[in-house]
>>> print(open('entry_21.txt').read())   # compact mmCIF, C-alpha atoms
# COMPACT_ATOMS: atom_id res chain seq x y z
CA MET G 1 7.65 -39.38 45.24
CA ASN G 2 4.12 -40.14 44.06
CA ILE G 3 1.36 -37.59 44.37
CA LYS G 4 -2.10 -38.98 44.96
CA ILE G 5 -5.07 -37.65 43.01
CA LYS G 6 -7.84 -36.54 45.33
CA CYS G 7 -10.60 -36.03 42.76
CA PHE G 8 -11.49 -35.11 39.18
CA ARG G 9 -13.70 -32.04 38.71
CA LYS G 10 -15.49 -31.56 35.38
CA GLY G 11 -14.44 -28.37 33.65
CA LYS G 12 -15.30 -26.68 30.38
CA LYS G 13 -16.06 -28.93 27.43
CA ASN G 14 -13.93 -32.08 27.69
CA SER G 15 -11.48 -30.99 30.38
CA TYR G 16 -11.13 -31.90 34.07
CA THR G 17 -9.42 -30.26 37.03
CA LEU G 18 -7.26 -32.68 39.01
CA ASP G 19 -7.01 -31.95 42.74
CA PHE G 20 -4.20 -33.65 44.64
CA VAL G 21 -3.91 -34.85 48.21
CA GLY G 22 -1.72 -32.47 50.20
CA ASN G 23 -0.48 -28.99 49.40
CA TYR G 24 -0.16 -29.41 45.63
CA GLU G 25 -1.47 -27.09 42.94
CA SER G 26 -4.38 -28.41 40.88
CA ILE G 27 -3.93 -28.94 37.12
CA VAL G 28 -6.37 -29.04 34.22
CA LEU G 29 -6.17 -31.92 31.74
CA TYR G 30 -8.21 -32.98 28.74
CA ASP G 31 -10.11 -36.25 29.12
CA GLU G 32 -8.08 -38.02 26.42
CA ILE G 33 -4.88 -37.33 28.36
CA ILE G 34 -6.48 -38.73 31.50
CA LEU G 35 -7.63 -41.88 29.69
CA LYS G 36 -4.41 -42.34 27.73
CA ASN G 37 -2.36 -42.34 30.94
CA ASN G 38 -4.81 -44.49 32.96
CA LEU G 39 -5.15 -41.82 35.65
CA LEU G 40 -8.65 -43.02 36.59
CA ILE G 41 -7.09 -46.33 37.60
CA LYS G 42 -3.69 -45.23 38.90
CA LYS G 43 -5.06 -42.32 40.93
CA GLU G 44 -1.49 -41.04 41.40
CA VAL G 45 1.39 -39.45 39.49
CA ASP G 46 5.10 -38.88 40.02
CA SER G 47 7.02 -35.73 39.06
CA GLU G 48 8.19 -37.17 35.73
CA LEU G 49 4.68 -38.24 34.71
CA LEU G 50 3.28 -34.88 35.85
CA ARG G 51 5.71 -33.07 33.56
CA LYS G 52 4.77 -35.41 30.68
CA LEU G 53 1.06 -34.80 31.29
CA ILE G 54 1.48 -31.03 31.19
CA LEU G 55 3.39 -31.20 27.87
CA GLU G 56 0.88 -33.60 26.31
CA ASN G 57 -1.98 -31.44 27.48
CA ALA G 58 -0.45 -28.35 25.87
CA SER G 59 -0.31 -30.25 22.58
CA ILE G 60 -3.95 -31.33 22.90
CA GLU G 61 -4.94 -27.78 23.82
CA CYS G 62 -3.36 -26.63 20.57
CA TYR G 63 -5.49 -29.16 18.68
CA TYR G 64 -8.73 -28.07 20.37
CA LYS G 65 -7.87 -24.41 19.84
CA ALA G 66 -7.58 -25.11 16.12
CA LEU G 67 -10.77 -27.19 16.12
CA ASN G 68 -12.69 -24.32 17.70
CA TYR G 69 -11.23 -21.93 15.10
CA LEU G 70 -12.46 -24.24 12.36
CA ASN G 71 -15.96 -24.37 13.82
CA PHE G 72 -16.71 -20.88 12.55
CA LYS G 73 -15.86 -21.54 8.90
CA ARG G 74 -13.64 -23.58 6.60
CA ARG G 75 -9.97 -22.55 6.79
CA SER G 76 -6.82 -23.30 4.85
CA LYS G 77 -3.96 -25.14 6.52
CA LYS G 78 -1.87 -21.95 6.36
CA GLU G 79 -4.61 -19.93 8.08
CA VAL G 80 -4.81 -22.43 10.95
CA GLU G 81 -1.02 -22.59 11.26
CA ASN G 82 -0.76 -18.79 11.45
CA TYR G 83 -3.58 -18.60 13.99
CA LEU G 84 -1.96 -21.18 16.27
CA GLY G 85 1.41 -19.45 15.96
CA LYS G 86 -0.11 -16.14 17.00
CA SER G 87 -1.83 -17.93 19.90
CA GLY G 88 1.59 -18.82 21.30
CA PHE G 89 1.82 -22.56 20.64
CA ILE G 90 5.18 -24.14 19.83
CA LYS G 91 5.99 -25.38 16.31
CA LYS G 92 5.98 -29.06 17.27
CA ASP G 93 2.47 -28.92 18.75
CA ILE G 94 1.20 -26.92 15.78
CA LEU G 95 2.51 -29.47 13.28
CA LEU G 96 1.05 -32.38 15.26
CA SER G 97 -2.32 -30.62 15.45
CA LEU G 98 -2.34 -29.87 11.72
CA GLU G 99 -1.48 -33.48 10.90
CA ARG G 100 -4.31 -34.76 13.11
CA LEU G 101 -6.81 -32.27 11.71
CA GLU G 102 -5.93 -33.31 8.16
CA LYS G 103 -6.33 -37.01 9.01
CA GLU G 104 -9.72 -36.34 10.57
CA GLY G 105 -10.85 -34.28 7.57
CA PHE G 106 -11.20 -30.95 9.38
CA ILE G 107 -8.52 -29.47 7.11
CA ASN G 108 -8.62 -30.29 3.41
CA ASP G 109 -6.80 -27.77 1.26
CA LYS G 110 -7.94 -29.28 -2.05
CA GLN G 111 -11.60 -28.95 -1.06
CA TYR G 112 -10.95 -25.52 0.41
CA LEU G 113 -9.34 -24.25 -2.79
CA GLU G 114 -12.13 -25.55 -5.03
CA SER G 115 -14.87 -24.24 -2.71
CA PHE G 116 -13.17 -20.84 -2.41
CA ILE G 117 -12.83 -20.44 -6.17
CA ASN G 118 -16.40 -21.56 -6.84
CA ASP G 119 -17.69 -18.99 -4.34
CA GLN G 120 -15.55 -16.26 -5.86
CA VAL G 121 -16.73 -17.10 -9.37
CA HIS G 122 -20.43 -17.37 -8.59
CA LEU G 123 -20.95 -15.05 -5.62
CA ASN G 124 -18.41 -12.21 -5.97
CA ASN G 125 -17.18 -9.74 -8.57
CA HIS G 126 -13.56 -10.86 -8.40
CA GLY G 127 -11.59 -11.87 -11.47
CA PRO G 128 -9.02 -14.68 -11.77
CA LEU G 129 -5.97 -12.54 -10.99
CA LYS G 130 -7.45 -11.34 -7.70
CA ILE G 131 -8.50 -14.89 -6.81
CA ILE G 132 -4.92 -16.06 -7.37
CA GLN G 133 -3.61 -13.24 -5.18
CA LYS G 134 -6.01 -14.02 -2.33
CA LEU G 135 -5.31 -17.76 -2.39
CA LYS G 136 -1.54 -17.24 -2.42
CA LEU G 137 -1.94 -15.26 0.81
CA LEU G 138 -3.77 -18.29 2.23
CA GLY G 139 -0.79 -20.54 1.52
CA PHE G 140 -1.61 -22.04 -1.86
CA GLU G 141 0.84 -22.42 -4.75
CA GLU G 142 0.12 -20.44 -7.90
CA LYS G 143 0.22 -23.55 -10.10
CA GLU G 144 -2.48 -25.43 -8.16
CA ILE G 145 -4.67 -22.31 -8.19
CA LYS G 146 -4.28 -21.84 -11.94
CA ASP G 147 -4.87 -25.54 -12.61
CA TYR G 148 -8.35 -25.31 -11.08
CA LEU G 149 -9.10 -21.88 -12.56
CA GLU G 150 -8.42 -23.33 -16.00
CA THR G 151 -11.40 -25.65 -15.58
CA PHE G 152 -13.58 -22.56 -16.09
CA PRO G 153 -13.98 -21.50 -19.75
CA SER G 154 -13.20 -17.92 -20.74
CA SER G 155 -16.93 -17.39 -21.38
CA VAL G 156 -17.52 -17.54 -17.60
CA TRP G 157 -15.26 -14.54 -17.03
CA LYS G 158 -16.66 -12.62 -19.99
CA GLU G 159 -20.21 -13.16 -18.72
CA LYS G 160 -19.18 -11.88 -15.28
CA ILE G 161 -17.53 -8.84 -16.86
CA ALA G 162 -20.58 -8.14 -19.05
CA SER G 163 -22.89 -8.38 -16.04
CA ILE G 164 -20.76 -5.89 -14.07
CA VAL G 165 -20.54 -3.52 -17.05
CA ASN G 166 -24.32 -3.52 -17.54
CA LYS G 167 -24.92 -2.77 -13.86
CA LYS G 168 -22.39 0.10 -13.96
CA ILE G 169 -24.05 1.59 -17.04
CA LYS G 170 -27.54 1.35 -15.52
CA SER G 171 -26.45 2.88 -12.21
CA ASN G 172 -24.56 5.79 -13.81
CA ARG G 173 -25.95 9.17 -12.77
CA HIS G 174 -23.12 11.64 -13.35
CA LEU G 175 -20.65 10.57 -16.04
CA GLY G 176 -20.46 10.80 -19.78
CA SER G 177 -19.68 7.78 -21.95
CA VAL G 178 -15.91 8.38 -22.18
CA LYS G 179 -15.35 8.80 -18.44
CA LEU G 180 -17.77 5.99 -17.58
CA LYS G 181 -15.96 3.56 -19.84
CA GLU G 182 -12.60 4.52 -18.28
CA LYS G 183 -14.00 4.14 -14.77
CA VAL G 184 -15.57 0.76 -15.52
CA MET G 185 -12.35 -0.51 -17.07
CA PHE G 186 -10.28 0.61 -14.07
CA SER G 187 -12.75 -1.04 -11.71
CA LEU G 188 -12.65 -4.36 -13.59
CA LEU G 189 -8.87 -4.40 -13.75
CA SER G 190 -8.62 -3.64 -10.03
CA GLU G 191 -10.95 -6.59 -9.38
CA GLY G 192 -8.47 -8.89 -11.12
CA PHE G 193 -10.01 -9.47 -14.52
CA ARG G 194 -7.63 -9.97 -17.44
CA LYS G 195 -7.17 -6.89 -19.60
CA GLU G 196 -7.78 -8.63 -22.91
CA GLU G 197 -11.12 -10.04 -21.69
CA VAL G 198 -12.16 -6.67 -20.26
CA LEU G 199 -11.38 -4.88 -23.53
CA ALA G 200 -13.25 -7.51 -25.55
CA VAL G 201 -16.42 -6.94 -23.49
CA LEU G 202 -16.10 -3.15 -23.35
CA ASP G 203 -15.68 -2.92 -27.11
CA ASN G 204 -19.01 -4.70 -27.51
CA SER G 205 -20.83 -2.61 -24.91
CA THR G 206 -22.80 0.58 -25.56
CA PHE G 207 -21.64 3.60 -23.56
CA SER G 208 -23.78 6.25 -25.21
CA SER G 209 -24.10 9.49 -23.25
CA SER G 210 -27.48 10.14 -21.70
CA GLN G 211 -28.95 13.49 -22.65
CA GLU G 212 -30.77 13.53 -19.35
CA ILE G 213 -27.54 13.06 -17.35
CA LEU G 214 -25.73 15.63 -19.48
CA LYS G 215 -28.45 18.26 -18.94
CA LYS G 216 -28.58 17.54 -15.23
CA GLU G 217 -24.80 17.96 -14.88
CA LEU G 218 -24.90 21.12 -16.97
CA GLU G 219 -27.51 22.66 -14.70
CA LYS G 220 -25.56 21.67 -11.60
CA PHE G 221 -22.30 23.21 -12.83
CA TYR G 222 -24.10 26.27 -14.17
CA ILE G 223 -25.39 27.12 -10.68
CA LYS G 224 -21.85 26.90 -9.28
CA LEU G 225 -19.88 28.55 -12.08
CA SER G 226 -22.33 31.37 -12.88
CA ARG G 227 -21.43 32.90 -9.53
CA LYS G 228 -17.88 33.49 -10.82
CA TYR G 229 -18.14 33.69 -14.61
CA ASP G 230 -20.44 34.95 -17.33
CA GLY G 231 -20.65 35.14 -21.10
CA THR G 232 -18.22 33.12 -23.22
CA THR G 233 -15.98 32.49 -20.18
CA LEU G 234 -18.84 30.79 -18.40
CA GLN G 235 -19.58 28.65 -21.46
CA TYR G 236 -15.91 27.70 -21.74
CA GLN G 237 -15.71 26.72 -18.05
CA LEU G 238 -18.88 24.67 -18.36
CA LYS G 239 -17.52 22.87 -21.40
CA MET G 240 -14.26 22.03 -19.60
CA LYS G 241 -16.12 20.69 -16.57
CA LEU G 242 -18.42 18.54 -18.67
CA LEU G 243 -15.59 17.25 -20.83
CA SER G 244 -13.80 16.18 -17.63
CA ARG G 245 -16.94 14.20 -16.81
CA GLY G 246 -16.48 12.25 -20.02
CA PHE G 247 -19.27 13.67 -22.17
CA GLU G 248 -18.70 13.56 -25.92
CA ILE G 249 -17.95 16.91 -27.55
CA GLU G 250 -20.71 16.68 -30.19
CA ALA G 251 -23.47 16.03 -27.66
CA LEU G 252 -21.98 18.64 -25.35
CA ASN G 253 -21.93 21.38 -27.97
CA GLU G 254 -25.52 20.61 -28.93
CA VAL G 255 -26.79 20.82 -25.34
CA LEU G 256 -24.79 23.98 -24.58
CA GLU G 257 -26.15 25.70 -27.69
CA GLU G 258 -29.68 24.78 -26.71
CA PHE G 259 -29.13 25.85 -23.09
CA PHE G 260 -27.80 29.32 -23.96
CA SER G 261 -30.13 30.05 -26.88
>>> encode(input="entry_21.txt", output="structure tokens")
Amino acid sequence: MNIKIKCFRKGKKNSYTLDFVGNYESIVLYDEIILKNNLLIKKEVDSELLRKLILENASIECYYKALNYLNFKRRSKKEVENYLGKSGFIKKDILLSLERLEKEGFINDKQYLESFINDQVHLNNHGPLKIIQKLKLLGFEEKEIKDYLETFPSSVWKEKIASIVNKKIKSNRHLGSVKLKEKVMFSLLSEGFRKEEVLAVLDNSTFSSSQEILKKELEKFYIKLSRKYDGTTLQYQLKMKLLSRGFEIEALNEVLEEFFS
């Protein structure tokens, strides 16, 4: 039995609500489904066609859901696939949507990978190992990531490391040279820089202890520890605290002698 279409009511974006003659529930279809099935001319559907329309519309809805997701920023194919899966779409519709989006240029993993790495290199403090880790989570193979990373000379990474090291040294307010160097090294390794490149830069960087910082820390700990200790015990406790902050023993002994003279 054919069901006659009473009217088409414009909905959100490129969708229309179809009202039917008689006691039939309205349905919402995208305009391309309406045009593809000549509904503007036929003005009627049977039960088999109605079922087909609903299935086709679900597939198109999956596509538009992905398109909207891509409007906010560039995404990898894996990101879009995961998003559509979490949104409840079936595998078949997801794969069809991804294929269409790739054909239309909305998804391009090669461009995404290169753009992502360029941003990480020039705009963030992440090293190559962290970049590899992040891109693998986005669905990329390690080989293709490394192939593009290898287009950057080692000097790029060393310059990034040196820039970070210099900023850390300038912003230091509490640590001695030993502790500062350890902290900076740990930070760089955690950001994914290669150990050999980190060590090469650190070995050529100056981590001299600041007398001003040392004296400031000494005064701070003196106020706290003098409430509990005095005499040689106080001096010993101060030395231990300051050594734990990474100050060199020679500079420390000199400042302590001056402070207690």
>>> atom_distance(input="entry_21.txt", atom1="atom CA of Val255 of chain G", atom2="atom CA of Ile169 of chain G")
21.1 Å
>>> residues_around(input="entry_21.txt", residues="Gln111 of chain G", least_positions_apart="2", cutoff="12 Å", atoms="only C-alpha atoms", output="number ranges by chain")
G: 74-77, 102, 105-109, 113-118, 145, 148
>>> atom_distance(input="entry_21.txt", atom1="atom CA of Tyr69 of chain G", atom2="atom CA of Asn125 of chain G")
27.3 Å
>>> closest_residue(input="entry_21.txt", among="G:Leu243, G:Ala66, G:Leu39, G:Ile33", to="Gly85 of chain G", atoms="only C-alpha atoms")
G:Ala66
>>> atom_distance(input="entry_21.txt", atom1="atom CA of Glu150 of chain G", atom2="atom CA of Gly127 of chain G")
12.7 Å
>>> residues_around(input="entry_21.txt", residues="segment 15-25 of chain G", least_positions_apart="5", cutoff="9 Å", atoms="only C-alpha atoms", output="PyMOL selection string")
chain G and resi 3-10+30-32+34+44
>>> residues_around(input="entry_21.txt", residues="segment 238-241 of chain G", least_positions_apart="4", cutoff="7 Å", atoms="all atoms listed in the file", output="PyMOL selection string")
chain G and resi 221-222+234+245
>>> closest_residue(input="entry_21.txt", among="G:Ser177, G:Asn2, G:Glu144, G:Asp230", to="Phe260 of chain G", atoms="all atoms listed in the file")
G:Asp230
>>> closest_residue(input="entry_21.txt", among="G:Leu202, G:Leu101, G:Leu49, G:Leu29", to="Tyr63 of chain G", atoms="all atoms listed in the file")
G:Leu101
>>> residues_around(input="entry_21.txt", residues="Ala58 of chain G", least_positions_apart="4", cutoff="12 Å", atoms="all atoms listed in the file", output="list in words")
Ile27, Val28, Leu29, Tyr30, Ile33, Arg51, Lys52, Leu53, Ile54, Cys62, Tyr63, Tyr64, Lys65, Gly88, Phe89, Ile90, Lys91, Lys92, Asp93, Ile94, Leu96 and Ser97 of chain G
>>> closest_residue(input="entry_21.txt", among="G:Glu212, G:Glu196, G:Glu191, G:Glu217", to="Val121 of chain G", atoms="all atoms listed in the file")
G:Glu191
>>> closest_residue(input="entry_21.txt", among="G:Lys228, G:Lys215, G:Lys78, G:Lys42", to="Leu175 of chain G", atoms="all atoms listed in the file")
G:Lys215
>>> closest_residue(input="entry_21.txt", among="G:Gly192, G:Gly231, G:Pro128, G:Gly11", to="Val156 of chain G", atoms="all atoms listed in the file")
G:Pro128
>>> decode(input="entry_21.txt", residues="segment 173-195 of chain G", atoms="N, CA, C and O atoms", output="CSV table (one decimal), in the first residue's frame")
chain,number,residue,atom,x,y,z
G,173,ARG,N,64.3,30.2,40.7
G,173,ARG,CA,64.3,31.0,41.9
G,173,ARG,C,64.7,30.3,43.2
G,173,ARG,O,64.8,30.9,44.2
G,174,HIS,N,64.8,29.0,43.1
G,174,HIS,CA,64.9,28.2,44.4
G,174,HIS,C,66.0,27.2,44.4
G,174,HIS,O,66.4,26.7,45.5
G,175,LEU,N,66.5,26.7,43.2
G,175,LEU,CA,67.3,25.6,43.2
G,175,LEU,C,68.8,25.9,42.9
G,175,LEU,O,69.1,26.9,42.2
G,176,GLY,N,69.7,25.1,43.4
G,176,GLY,CA,71.1,25.2,43.1
G,176,GLY,C,71.3,24.5,41.7
G,176,GLY,O,70.4,23.8,41.1
G,177,SER,N,72.6,24.6,41.2
G,177,SER,CA,72.9,24.1,39.9
G,177,SER,C,72.7,22.6,39.7
G,177,SER,O,72.2,22.2,38.7
G,178,VAL,N,73.0,21.8,40.7
G,178,VAL,CA,72.9,20.4,40.6
G,178,VAL,C,71.5,20.0,40.4
G,178,VAL,O,71.1,19.2,39.5
G,179,LYS,N,70.6,20.5,41.4
G,179,LYS,CA,69.2,20.1,41.4
G,179,LYS,C,68.5,20.6,40.1
G,179,LYS,O,67.6,20.0,39.5
G,180,LEU,N,68.9,21.9,39.7
G,180,LEU,CA,68.3,22.5,38.6
G,180,LEU,C,68.6,21.7,37.3
G,180,LEU,O,67.7,21.4,36.5
G,181,LYS,N,69.8,21.3,37.2
G,181,LYS,CA,70.2,20.5,36.0
G,181,LYS,C,69.4,19.1,36.0
G,181,LYS,O,68.9,18.7,34.9
G,182,GLU,N,69.3,18.5,37.1
G,182,GLU,CA,68.5,17.2,37.2
G,182,GLU,C,67.0,17.5,36.8
G,182,GLU,O,66.4,16.7,36.1
G,183,LYS,N,66.5,18.5,37.4
G,183,LYS,CA,65.1,18.9,37.1
G,183,LYS,C,64.8,19.2,35.6
G,183,LYS,O,63.8,18.7,35.0
G,184,VAL,N,65.7,19.9,35.0
G,184,VAL,CA,65.6,20.3,33.6
G,184,VAL,C,65.7,19.0,32.7
G,184,VAL,O,64.9,18.8,31.8
G,185,MET,N,66.6,18.2,33.1
G,185,MET,CA,66.8,16.9,32.3
G,185,MET,C,65.6,16.0,32.4
G,185,MET,O,65.1,15.5,31.4
G,186,PHE,N,65.0,15.9,33.6
G,186,PHE,CA,63.8,15.1,33.8
G,186,PHE,C,62.6,15.7,33.0
G,186,PHE,O,61.9,15.0,32.3
G,187,SER,N,62.5,17.0,33.0
G,187,SER,CA,61.5,17.7,32.3
G,187,SER,C,61.6,17.4,30.8
G,187,SER,O,60.6,17.1,30.1
G,188,LEU,N,62.8,17.5,30.2
G,188,LEU,CA,63.0,17.4,28.8
G,188,LEU,C,62.7,15.9,28.4
G,188,LEU,O,62.2,15.7,27.3
G,189,LEU,N,63.2,15.0,29.2
G,189,LEU,CA,62.9,13.6,28.9
G,189,LEU,C,61.4,13.2,28.9
G,189,LEU,O,60.9,12.5,28.1
G,190,SER,N,60.7,13.8,29.9
G,190,SER,CA,59.3,13.6,30.0
G,190,SER,C,58.5,14.2,28.8
G,190,SER,O,57.4,13.8,28.5
G,191,GLU,N,59.1,15.2,28.2
G,191,GLU,CA,58.5,15.9,27.0
G,191,GLU,C,58.8,15.1,25.7
G,191,GLU,O,58.4,15.6,24.6
G,192,GLY,N,59.6,14.1,25.8
G,192,GLY,CA,59.9,13.2,24.7
G,192,GLY,C,61.1,13.6,23.8
G,192,GLY,O,61.2,13.1,22.7
G,193,PHE,N,62.0,14.3,24.4
G,193,PHE,CA,63.3,14.5,23.7
G,193,PHE,C,64.2,13.3,23.9
G,193,PHE,O,64.2,12.7,25.0
G,194,ARG,N,65.1,13.1,22.9
G,194,ARG,CA,66.0,11.9,23.0
G,194,ARG,C,67.1,12.2,24.0
G,194,ARG,O,67.7,13.4,24.1
G,195,LYS,N,67.4,11.2,24.8
G,195,LYS,CA,68.4,11.4,25.9
G,195,LYS,C,69.7,11.9,25.4
G,195,LYS,O,70.3,12.8,26.0
